[in-house]
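One file, entry-v9.cif, carrying mmCIF, C-alpha atoms and all ligand atoms:
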```
data_entry
#
loop_
_atom_site.label_atom_id
_atom_site.label_comp_id
_atom_site.auth_asym_id
_atom_site.auth_seq_id
_atom_site.Cartn_x
_atom_site.Cartn_y
_atom_site.Cartn_z
CA MET A 1 0.02 -17.06 25.55
CA LEU A 2 -3.40 -15.36 25.19
CA GLU A 3 -6.43 -17.06 26.67
CA VAL A 4 -9.87 -15.46 26.35
CA ARG A 5 -12.91 -17.05 27.98
CA ASP A 6 -16.59 -16.12 27.75
CA LEU A 7 -15.84 -12.61 26.52
CA ARG A 8 -18.86 -10.31 26.32
CA VAL A 9 -19.03 -6.73 25.07
CA THR A 10 -22.22 -4.69 25.03
CA TYR A 11 -22.88 -1.16 23.84
CA GLY A 12 -26.14 -0.02 25.39
CA THR A 13 -28.59 -2.66 24.21
CA THR A 14 -26.32 -4.01 21.43
CA VAL A 15 -24.54 -7.25 22.28
CA ALA A 16 -21.43 -7.02 20.12
CA VAL A 17 -19.50 -9.98 21.57
CA ASP A 18 -21.55 -12.78 23.04
CA GLY A 19 -19.40 -15.31 24.88
CA VAL A 20 -16.23 -15.71 22.83
CA ASP A 21 -13.47 -18.22 23.73
CA LEU A 22 -10.20 -17.75 21.90
CA ASP A 23 -6.54 -18.77 22.30
CA VAL A 24 -3.29 -17.68 20.73
CA GLY A 25 -0.22 -19.80 21.45
CA GLY A 26 3.37 -18.53 21.59
CA GLY A 27 4.67 -17.89 18.08
CA GLU A 28 1.26 -18.49 16.53
CA ILE A 29 -0.46 -16.55 13.74
CA VAL A 30 -4.21 -16.66 14.30
CA ALA A 31 -6.88 -15.12 12.06
CA LEU A 32 -10.18 -13.73 13.35
CA LEU A 33 -12.60 -13.59 10.43
CA GLY A 34 -16.23 -12.74 9.84
CA PRO A 35 -18.56 -10.26 8.15
CA ASN A 36 -19.21 -6.61 8.99
CA GLY A 37 -20.61 -6.21 12.47
CA ALA A 38 -19.65 -9.73 13.59
CA GLY A 39 -17.80 -8.36 16.63
CA LYS A 40 -14.16 -8.72 15.50
CA THR A 41 -13.07 -5.17 16.36
CA SER A 42 -14.98 -5.28 19.64
CA THR A 43 -13.14 -8.49 20.54
CA LEU A 44 -9.74 -6.87 19.90
CA ARG A 45 -10.79 -3.72 21.76
CA ALA A 46 -11.90 -5.80 24.73
CA ILE A 47 -8.58 -7.68 24.78
CA SER A 48 -6.61 -4.44 24.74
CA ARG A 49 -9.02 -3.00 27.34
CA VAL A 50 -10.21 -0.08 25.20
CA VAL A 51 -13.83 -1.10 25.79
CA PRO A 52 -15.29 -2.68 28.94
CA ALA A 53 -16.01 -6.40 28.79
CA THR A 54 -16.87 -9.32 31.02
CA GLY A 55 -15.20 -12.72 30.95
CA THR A 56 -11.54 -13.53 31.54
CA ILE A 57 -8.49 -12.45 29.57
CA THR A 58 -5.19 -14.07 30.51
CA PHE A 59 -1.93 -13.05 28.90
CA ASP A 60 1.17 -15.08 29.67
CA GLY A 61 -0.56 -16.67 32.65
CA GLU A 62 -1.59 -13.34 34.20
CA PRO A 63 -5.11 -11.89 34.24
CA VAL A 64 -5.14 -8.60 32.33
CA GLY A 65 -8.90 -8.01 32.26
CA ALA A 66 -8.76 -5.33 34.98
CA LEU A 67 -5.74 -3.40 33.66
CA ARG A 68 -5.81 -0.04 31.95
CA PRO A 69 -5.08 0.00 28.18
CA GLU A 70 -1.61 1.52 28.72
CA ALA A 71 -0.72 -1.21 31.19
CA VAL A 72 -1.83 -3.91 28.74
CA ALA A 73 0.33 -2.35 26.01
CA ARG A 74 3.32 -2.18 28.34
CA ARG A 75 3.04 -5.95 28.84
CA GLY A 76 3.50 -6.39 25.12
CA LEU A 77 -0.10 -6.82 24.01
CA VAL A 78 0.10 -4.23 21.21
CA HIS A 79 -2.96 -3.18 19.20
CA VAL A 80 -2.81 -1.70 15.68
CA PRO A 81 -6.40 -0.46 15.43
CA GLU A 82 -8.85 -0.43 12.56
CA GLY A 83 -8.46 2.83 10.66
CA ARG A 84 -4.77 3.04 11.55
CA HIS A 85 -4.72 6.18 13.72
CA VAL A 86 -1.43 7.70 12.63
CA PHE A 87 -0.73 10.97 14.49
CA PRO A 88 -1.56 13.60 11.84
CA ASN A 89 0.80 16.31 13.10
CA LEU A 90 3.81 14.07 13.65
CA SER A 91 6.16 13.05 10.86
CA VAL A 92 6.53 9.46 9.72
CA HIS A 93 9.73 9.19 11.73
CA GLU A 94 8.18 10.70 14.86
CA ASN A 95 5.18 8.38 14.54
CA LEU A 96 7.55 5.42 14.48
CA LEU A 97 9.42 6.68 17.54
CA VAL A 98 6.15 6.83 19.49
CA GLY A 99 5.99 3.04 19.20
CA ARG A 100 9.12 2.65 21.29
CA SER A 101 7.51 4.36 24.30
CA ALA A 102 5.41 1.23 25.06
CA ARG A 103 8.43 -1.07 25.39
CA ASP A 104 8.82 -0.76 29.12
CA GLY A 105 12.29 -2.26 29.04
CA ARG A 106 11.36 -5.33 26.98
CA PRO A 107 13.95 -6.25 24.35
CA SER A 108 12.73 -5.44 20.84
CA ALA A 109 13.19 -7.57 17.74
CA PHE A 110 12.77 -4.39 15.65
CA GLU A 111 14.50 -1.03 15.66
CA VAL A 112 13.55 1.99 13.52
CA ASP A 113 16.05 1.02 10.81
CA ASP A 114 14.50 -2.44 10.60
CA VAL A 115 11.11 -0.84 9.93
CA TYR A 116 12.63 1.25 7.11
CA ASP A 117 14.16 -1.98 5.75
CA LEU A 118 10.78 -3.72 5.87
CA PHE A 119 9.00 -0.70 4.30
CA PRO A 120 11.58 1.05 2.09
CA GLU A 121 8.72 3.15 0.68
CA LEU A 122 8.75 5.04 4.00
CA VAL A 123 12.40 6.15 3.68
CA PRO A 124 11.76 9.13 1.37
CA LEU A 125 8.70 10.03 3.48
CA ARG A 126 10.39 10.11 6.87
CA SER A 127 9.79 13.89 7.33
CA ARG A 128 6.28 13.90 5.88
CA ALA A 129 3.39 14.64 8.25
CA GLY A 130 0.93 11.87 9.04
CA TRP A 131 -1.99 13.83 7.57
CA ALA A 132 -0.26 13.96 4.17
CA LEU A 133 0.13 10.19 3.82
CA SER A 134 -1.92 7.88 1.63
CA GLY A 135 -3.95 5.14 3.28
CA GLY A 136 -1.34 2.53 2.40
CA GLU A 137 1.49 4.66 3.77
CA GLN A 138 -0.49 5.19 6.97
CA GLN A 139 -0.99 1.45 7.31
CA MET A 140 2.74 0.88 6.92
CA VAL A 141 3.49 3.48 9.60
CA ALA A 142 0.88 1.98 11.92
CA ILE A 143 2.34 -1.52 11.54
CA GLY A 144 5.88 -0.17 11.92
CA ARG A 145 4.89 1.67 15.09
CA GLY A 146 3.33 -1.54 16.43
CA LEU A 147 6.49 -3.55 15.72
CA LEU A 148 8.62 -0.94 17.49
CA ALA A 149 6.55 -1.34 20.66
CA ALA A 150 8.23 -4.75 21.18
CA PRO A 151 4.99 -6.71 20.86
CA ARG A 152 4.81 -10.12 22.45
CA LEU A 153 1.49 -10.40 20.64
CA LEU A 154 0.40 -7.99 17.92
CA LEU A 155 -3.34 -7.42 17.49
CA LEU A 156 -3.89 -6.24 13.93
CA ASP A 157 -7.32 -4.98 12.83
CA GLU A 158 -8.04 -5.18 9.07
CA PRO A 159 -4.68 -4.13 7.65
CA SER A 160 -6.10 -4.48 4.11
CA LEU A 161 -9.12 -2.23 4.68
CA GLY A 162 -9.62 0.32 1.90
CA LEU A 163 -6.27 -0.31 0.24
CA ALA A 164 -5.52 -1.07 -3.42
CA PRO A 165 -4.64 -4.73 -4.10
CA THR A 166 -0.98 -3.94 -4.87
CA VAL A 167 -0.66 -2.14 -1.52
CA VAL A 168 -2.34 -5.04 0.26
CA ASP A 169 0.25 -7.32 -1.39
CA ARG A 170 3.03 -5.18 0.08
CA VAL A 171 1.51 -5.14 3.55
CA TYR A 172 1.02 -8.91 3.50
CA ALA A 173 4.55 -9.50 2.19
CA VAL A 174 5.85 -7.67 5.25
CA LEU A 175 3.49 -9.51 7.60
CA THR A 176 4.73 -12.80 6.13
CA GLU A 177 8.29 -11.66 6.71
CA VAL A 178 7.72 -10.75 10.38
CA ALA A 179 5.38 -13.66 11.12
CA GLY A 180 8.16 -15.90 12.45
CA ARG A 181 9.26 -13.25 14.92
CA VAL A 182 5.97 -11.85 16.27
CA PRO A 183 2.79 -13.75 17.15
CA LEU A 184 -0.24 -12.18 15.48
CA LEU A 185 -3.96 -12.07 16.09
CA LEU A 186 -5.11 -10.84 12.71
CA VAL A 187 -8.62 -9.53 12.06
CA GLU A 188 -9.52 -9.61 8.37
CA GLN A 189 -12.40 -9.57 5.95
CA ASP A 190 -10.02 -10.68 3.23
CA THR A 191 -10.48 -14.32 4.23
CA GLU A 192 -8.18 -15.79 1.59
CA ARG A 193 -5.18 -13.66 2.42
CA ALA A 194 -5.58 -14.12 6.16
CA LEU A 195 -5.90 -17.90 5.84
CA ARG A 196 -2.71 -18.06 3.77
CA LEU A 197 -0.79 -16.36 6.58
CA ALA A 198 -2.44 -17.87 9.66
CA ALA A 199 -2.03 -21.32 11.17
CA ARG A 200 -5.46 -21.26 12.81
CA ALA A 201 -8.61 -19.25 12.38
CA TYR A 202 -11.80 -18.30 14.18
CA VAL A 203 -14.84 -17.21 12.17
CA MET A 204 -17.22 -14.91 14.04
CA ALA A 205 -20.84 -14.26 13.20
CA ALA A 206 -23.24 -12.17 15.26
CA GLY A 207 -20.90 -11.92 18.26
CA ARG A 208 -20.07 -15.63 18.51
CA VAL A 209 -17.43 -17.99 17.19
CA ALA A 210 -19.26 -19.87 14.46
CA LEU A 211 -16.32 -21.95 13.25
CA SER A 212 -12.70 -22.46 14.28
CA GLY A 213 -9.79 -24.72 13.45
CA PRO A 214 -6.59 -25.04 11.46
CA ALA A 215 -6.48 -22.48 8.63
CA GLY A 216 -6.39 -25.23 6.01
CA GLU A 217 -9.59 -26.76 7.34
CA VAL A 218 -11.39 -23.44 7.64
CA ALA A 219 -10.28 -22.55 4.11
CA GLY A 220 -11.54 -25.93 2.92
CA ARG A 221 -14.94 -25.06 4.34
CA ASP A 222 -15.31 -22.08 2.05
CA GLU A 223 -18.95 -22.83 1.41
CA LEU A 224 -19.63 -22.89 5.11
CA VAL A 225 -17.84 -19.60 5.59
CA ALA A 226 -19.76 -18.16 2.65
CA SER A 227 -23.02 -19.35 4.14
CA TYR A 228 -22.28 -17.60 7.42
CA LEU A 229 -21.49 -14.45 5.51
CA GLY A 230 -24.59 -14.87 3.38
CA ARG A 231 -26.90 -15.69 6.24
CA THR A 232 -25.73 -12.75 8.34
CA ALA A 233 -26.12 -10.45 5.35
CA THR A 234 -29.67 -11.72 4.82
CA VAL A 235 -30.59 -11.21 8.45
CA ARG A 236 -29.19 -7.69 8.33
CA ASP A 237 -30.98 -6.88 5.07
CA GLY A 238 -34.23 -8.09 6.56
CA ALA A 239 -33.75 -6.17 9.80
N1 LIG A 301 -19.10 2.24 19.76
C1 LIG A 301 -20.18 1.51 19.47
N2 LIG A 301 -21.40 1.85 19.92
C2 LIG A 301 -22.50 1.10 19.64
N3 LIG A 301 -22.46 -0.03 18.88
C3 LIG A 301 -21.28 -0.41 18.40
C4 LIG A 301 -20.07 0.33 18.66
N4 LIG A 301 -19.04 -0.29 18.03
C5 LIG A 301 -19.58 -1.37 17.43
N5 LIG A 301 -20.92 -1.44 17.64
C6 LIG A 301 -21.81 -2.52 17.17
O1 LIG A 301 -21.32 -3.74 17.67
C7 LIG A 301 -21.41 -4.77 16.69
C8 LIG A 301 -20.02 -5.34 16.41
O2 LIG A 301 -19.21 -4.33 15.82
P1 LIG A 301 -17.67 -4.53 15.52
O3 LIG A 301 -17.13 -3.22 15.08
O4 LIG A 301 -17.02 -5.20 16.66
O5 LIG A 301 -17.72 -5.55 14.29
P2 LIG A 301 -16.62 -5.95 13.23
O6 LIG A 301 -16.70 -7.43 13.11
O7 LIG A 301 -15.32 -5.37 13.58
O8 LIG A 301 -17.18 -5.30 11.90
P3 LIG A 301 -16.41 -4.65 10.64
O9 LIG A 301 -15.96 -5.80 9.80
O10 LIG A 301 -17.46 -3.83 9.95
O11 LIG A 301 -15.26 -3.82 11.16
C9 LIG A 301 -22.07 -4.13 15.48
O12 LIG A 301 -23.44 -4.39 15.57
C10 LIG A 301 -21.81 -2.65 15.67
O13 LIG A 301 -22.81 -1.88 15.07
MG MG A 302 -14.04 -4.08 12.63
#
```
Turn this file's structure into structure tokens for me.
Amino acid sequence: MLEVRDLRVTYGTTVAVDGVDLDVGGGEIVALLGPNGAGKTSTLRAISRVVPATGTITFDGEPVGALRPEAVARRGLVHVPEGRHVFPNLSVHENLLVGRSARDGRPSAFEVDDVYDLFPELVPLRSRAGWALSGGEQQMVAIGRGLLAAPRLLLLDEPSLGLAPTVVDRVYAVLTEVAGRVPLLLVEQDTERALRLAARAYVMAAGRVALSGPAGEVAGRDELVASYLGRTATVRDGA
């Protein structure tokens, strides 16, 4: 469904993504792991065309690497960014409705009521402004908005970031529930949680894929993962 080849992203002199190959099959949940600064967010941003990149990006057999971000979203490649980006002056309900505008006629597996069923904690907050929400509530709204955009592939950047463990449990319970209905490319630093949900995983370090394979195998190579994390941290500390 998604095929990425030799993806490169640079910011000035910083090479953030350095030749990444990555695939997501139809119906698949794939995790993209790695330490701070590994290039995970840049990879997602390049796929959704928010930052310029070289290489090829093919979605459903069609090249999307030259499209504008809005056009990519309208094809069903929907990005829930790092930091959530809920509209501060719109209510919870209005934020959710914004998601529907990217559907472009595609049938949706989720309507607004389904999102309130998935996240009943949002029901009493439906009139509350985005700025007045907690981080966990914002994450729920951001995921709900993504689901309402009729994603054919949902790109999800660090849904657990900065949230209390009980809130992360809630978010992951919902992701587990929707996993059969929406393919996911899930960026996470919470390796354990992501590997429980995903079928396959890529581990990035310093802009490259350092390790990839079935989630069970990647999880089984914990020490290897830890060594990548450790080594990168050491390099950074020394820099
Ligand atoms: N807008 C930018 N301008 C310049 N450099 C950037 C920019 N965004 C990211 N970088 C750099 O690119 C590299 C990759 O960053 P990126 O955000 O993709 O990593 P990440 O794996 O998502 O990290 P994190 O886990 O901290 O979110 C880092 O060295 C980072 O400092
Ligand atoms: Mg990131």
Show me the residues around (0.3, -8.6, 15.1) - criterion: an atom at most 6 Å away, all atoms listed in the file counted - as an NGL selection string. :A and (153-156 or 184-185)
Which residues sit within 10 Å of ligand MG 302 (chain A), counting only C-alpha atoms and all ligand atoms, listed as JSON, numbers by chain? {"A": [33, 34, 35, 36, 37, 38, 39, 40, 41, 42, 43, 44, 45, 81, 82, 83, 157, 158, 161, 187, 188, 189]}
I'd like a table as a Markdown table: residues in region 94-159 of chain A with an atom no more than 12 Å from region 163-183 of chain A, each row giving the shortest atom pair and its distance in Å to one decimal, all atoms listed in the file counted, sorted by chain and rising residue number.
```
| residue | atom | partner | partner_atom | distance |
| --- | --- | --- | --- | --- |
| A:Ser108 | CA | A:Val182 | CA | 10.4 |
| A:Ala109 | CA | A:Arg181 | CA | 7.5 |
| A:Phe110 | CA | A:Arg181 | CA | 9.6 |
| A:Asp114 | CA | A:Val178 | CA | 10.7 |
| A:Val115 | CA | A:Val174 | CA | 9.8 |
| A:Tyr116 | CA | A:Val174 | CA | 11.4 |
| A:Asp117 | CA | A:Val174 | CA | 10.1 |
| A:Leu118 | CA | A:Val174 | CA | 6.3 |
| A:Phe119 | CA | A:Val174 | CA | 7.7 |
| A:Pro120 | CA | A:Arg170 | CA | 10.8 |
| A:Glu121 | CA | A:Arg170 | CA | 10.1 |
| A:Ser134 | CA | A:Leu163 | CA | 9.4 |
| A:Gly135 | CA | A:Leu163 | CA | 6.7 |
| A:Gly136 | CA | A:Leu163 | CA | 6.1 |
| A:Glu137 | CA | A:Val167 | CA | 8.9 |
| A:Gln138 | CA | A:Leu163 | CA | 10.4 |
| A:Gln139 | CA | A:Val171 | CA | 8.0 |
| A:Met140 | CA | A:Val171 | CA | 7.0 |
| A:Val141 | CA | A:Val171 | CA | 10.7 |
| A:Ala142 | CA | A:Val171 | CA | 11.0 |
| A:Ile143 | CA | A:Val171 | CA | 8.8 |
| A:Gly144 | CA | A:Val174 | CA | 10.0 |
| A:Gly146 | CA | A:Val182 | CA | 10.6 |
| A:Leu147 | CA | A:Val182 | CA | 8.3 |
| A:Leu148 | CA | A:Val182 | CA | 11.3 |
| A:Ala149 | CA | A:Val182 | CA | 11.4 |
| A:Ala150 | CA | A:Val182 | CA | 8.9 |
| A:Pro151 | CA | A:Val182 | CA | 7.0 |
| A:Arg152 | CA | A:Val182 | CA | 6.5 |
| A:Leu153 | CA | A:Pro183 | CA | 5.0 |
| A:Leu154 | CA | A:Pro183 | CA | 6.3 |
| A:Leu155 | CA | A:Pro183 | CA | 8.8 |
| A:Leu156 | CA | A:Leu175 | CA | 10.3 |
| A:Glu158 | CA | A:Leu163 | CA | 10.2 |
| A:Pro159 | CA | A:Val171 | CA | 7.5 |
```
Please determine the residues with any atom at most 6 Å from (-14.0, -14.8, 22.4) (coordinates as given in the file, with all atoms listed in the file counting) and report them as a ChimeraX atom specification. /A:4,7,19-22
Counting all atoms listed in the file, what is within 10 Å of Gly105 (chain A), bar same-chain residues fewer than 5 positions away, as a list of chain:residue names? A:Arg74, A:Arg75, A:Arg100, A:Ala150
Saved selection, atoms kept: C-alpha atoms, as a tab-separated table (two decimals), in the frame of the given file:
```tsv
chain	number	residue	atom	x	y	z
A	74	ARG	CA	3.32	-2.18	28.34
A	75	ARG	CA	3.04	-5.95	28.84
A	100	ARG	CA	9.12	2.65	21.29
A	150	ALA	CA	8.23	-4.75	21.18
```
Expressed in Å, the length from CA of Met1 (chain A) to CA of Leu195 (chain A) is 20.6 Å
Near-Thr14 (chain A) list (12 Å; only C-alpha atoms; drop same-chain fewer than 2 positions) as a PyMOL selection string: chain A and resi 8-12+16-18+37-39+42+206-207
How would the residues just picked look written out with C-alpha atoms as a JSON list (two decimals), in the coordinates of the input?
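Output file part.json follows:
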```
[["chain", "number", "residue", "atom", "x", "y", "z"],
["A", 8, "ARG", "CA", -18.86, -10.31, 26.32],
["A", 9, "VAL", "CA", -19.03, -6.73, 25.07],
["A", 10, "THR", "CA", -22.22, -4.69, 25.03],
["A", 11, "TYR", "CA", -22.88, -1.16, 23.84],
["A", 12, "GLY", "CA", -26.14, -0.02, 25.39],
["A", 16, "ALA", "CA", -21.43, -7.02, 20.12],
["A", 17, "VAL", "CA", -19.50, -9.98, 21.57],
["A", 18, "ASP", "CA", -21.55, -12.78, 23.04],
["A", 37, "GLY", "CA", -20.61, -6.21, 12.47],
["A", 38, "ALA", "CA", -19.65, -9.73, 13.59],
["A", 39, "GLY", "CA", -17.80, -8.36, 16.63],
["A", 42, "SER", "CA", -14.98, -5.28, 19.64],
["A", 206, "ALA", "CA", -23.24, -12.17, 15.26],
["A", 207, "GLY", "CA", -20.90, -11.92, 18.26]]
```
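Taking atom O1 of ligand LIG 301 (chain A) as the reference point, CA of Glu70 (chain A) is found at 23.2 Å.
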Taking into account all atoms listed in the file, which residue in the set A:Leu186, A:Leu133, A:Ala199, A:Val112 is nearest to Ala31 (chain A)?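 Closest to Ala31 (chain A), using all atoms listed in the file: A:Leu186.
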Please compute the CA of Glu3 (chain A)-CA of Glu111 (chain A) distance, one decimal, in Å.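 One can read the CA of Glu3 (chain A) to CA of Glu111 (chain A) distance as 28.6 Å.
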For each of A:Gly162, A:Gly130, A:Pro69, A:Pro107, take the minimum atom-to-atom distance to Asn89 (chain A), counting all atoms listed in the file, then give the residue where this is smallest.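 Ranked by minimum distance to Asn89 (chain A), first place goes to A:Gly130.
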Restricting the calculation to only C-alpha atoms and all ligand atoms: of A:Leu97, A:Ile29, A:Ala205, A:Ala73, which residue gets closest to ligand LIG 301 (chain A)?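 Of A:Leu97, A:Ile29, A:Ala205, A:Ala73, the one nearest ligand LIG 301 (chain A) is A:Ala205, counting only C-alpha atoms and all ligand atoms.
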Return the single residue from A:Asn95, A:Thr191, A:Thr13, A:Ser101 that is closest to ligand LIG 301 (chain A), with distances computed using only C-alpha atoms and all ligand atoms.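 Residue with the minimum atom-to-atom distance to ligand LIG 301 (chain A): A:Thr13.
Remark: for ligand LIG 301 (chain A), the closest of the candidate residues A:Val218, A:Ala129, A:Ile57, A:Met204 is A:Met204 (distances computed over only C-alpha atoms and all ligand atoms).
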Can you work out which one of A:Gly25, A:Pro214, A:Gly76, A:Pro52 has the shortest atom-to-atom distance to ligand LIG 301 (chain A), counting all atoms listed in the file?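 For ligand LIG 301 (chain A), the nearest of the given residues is A:Pro52.
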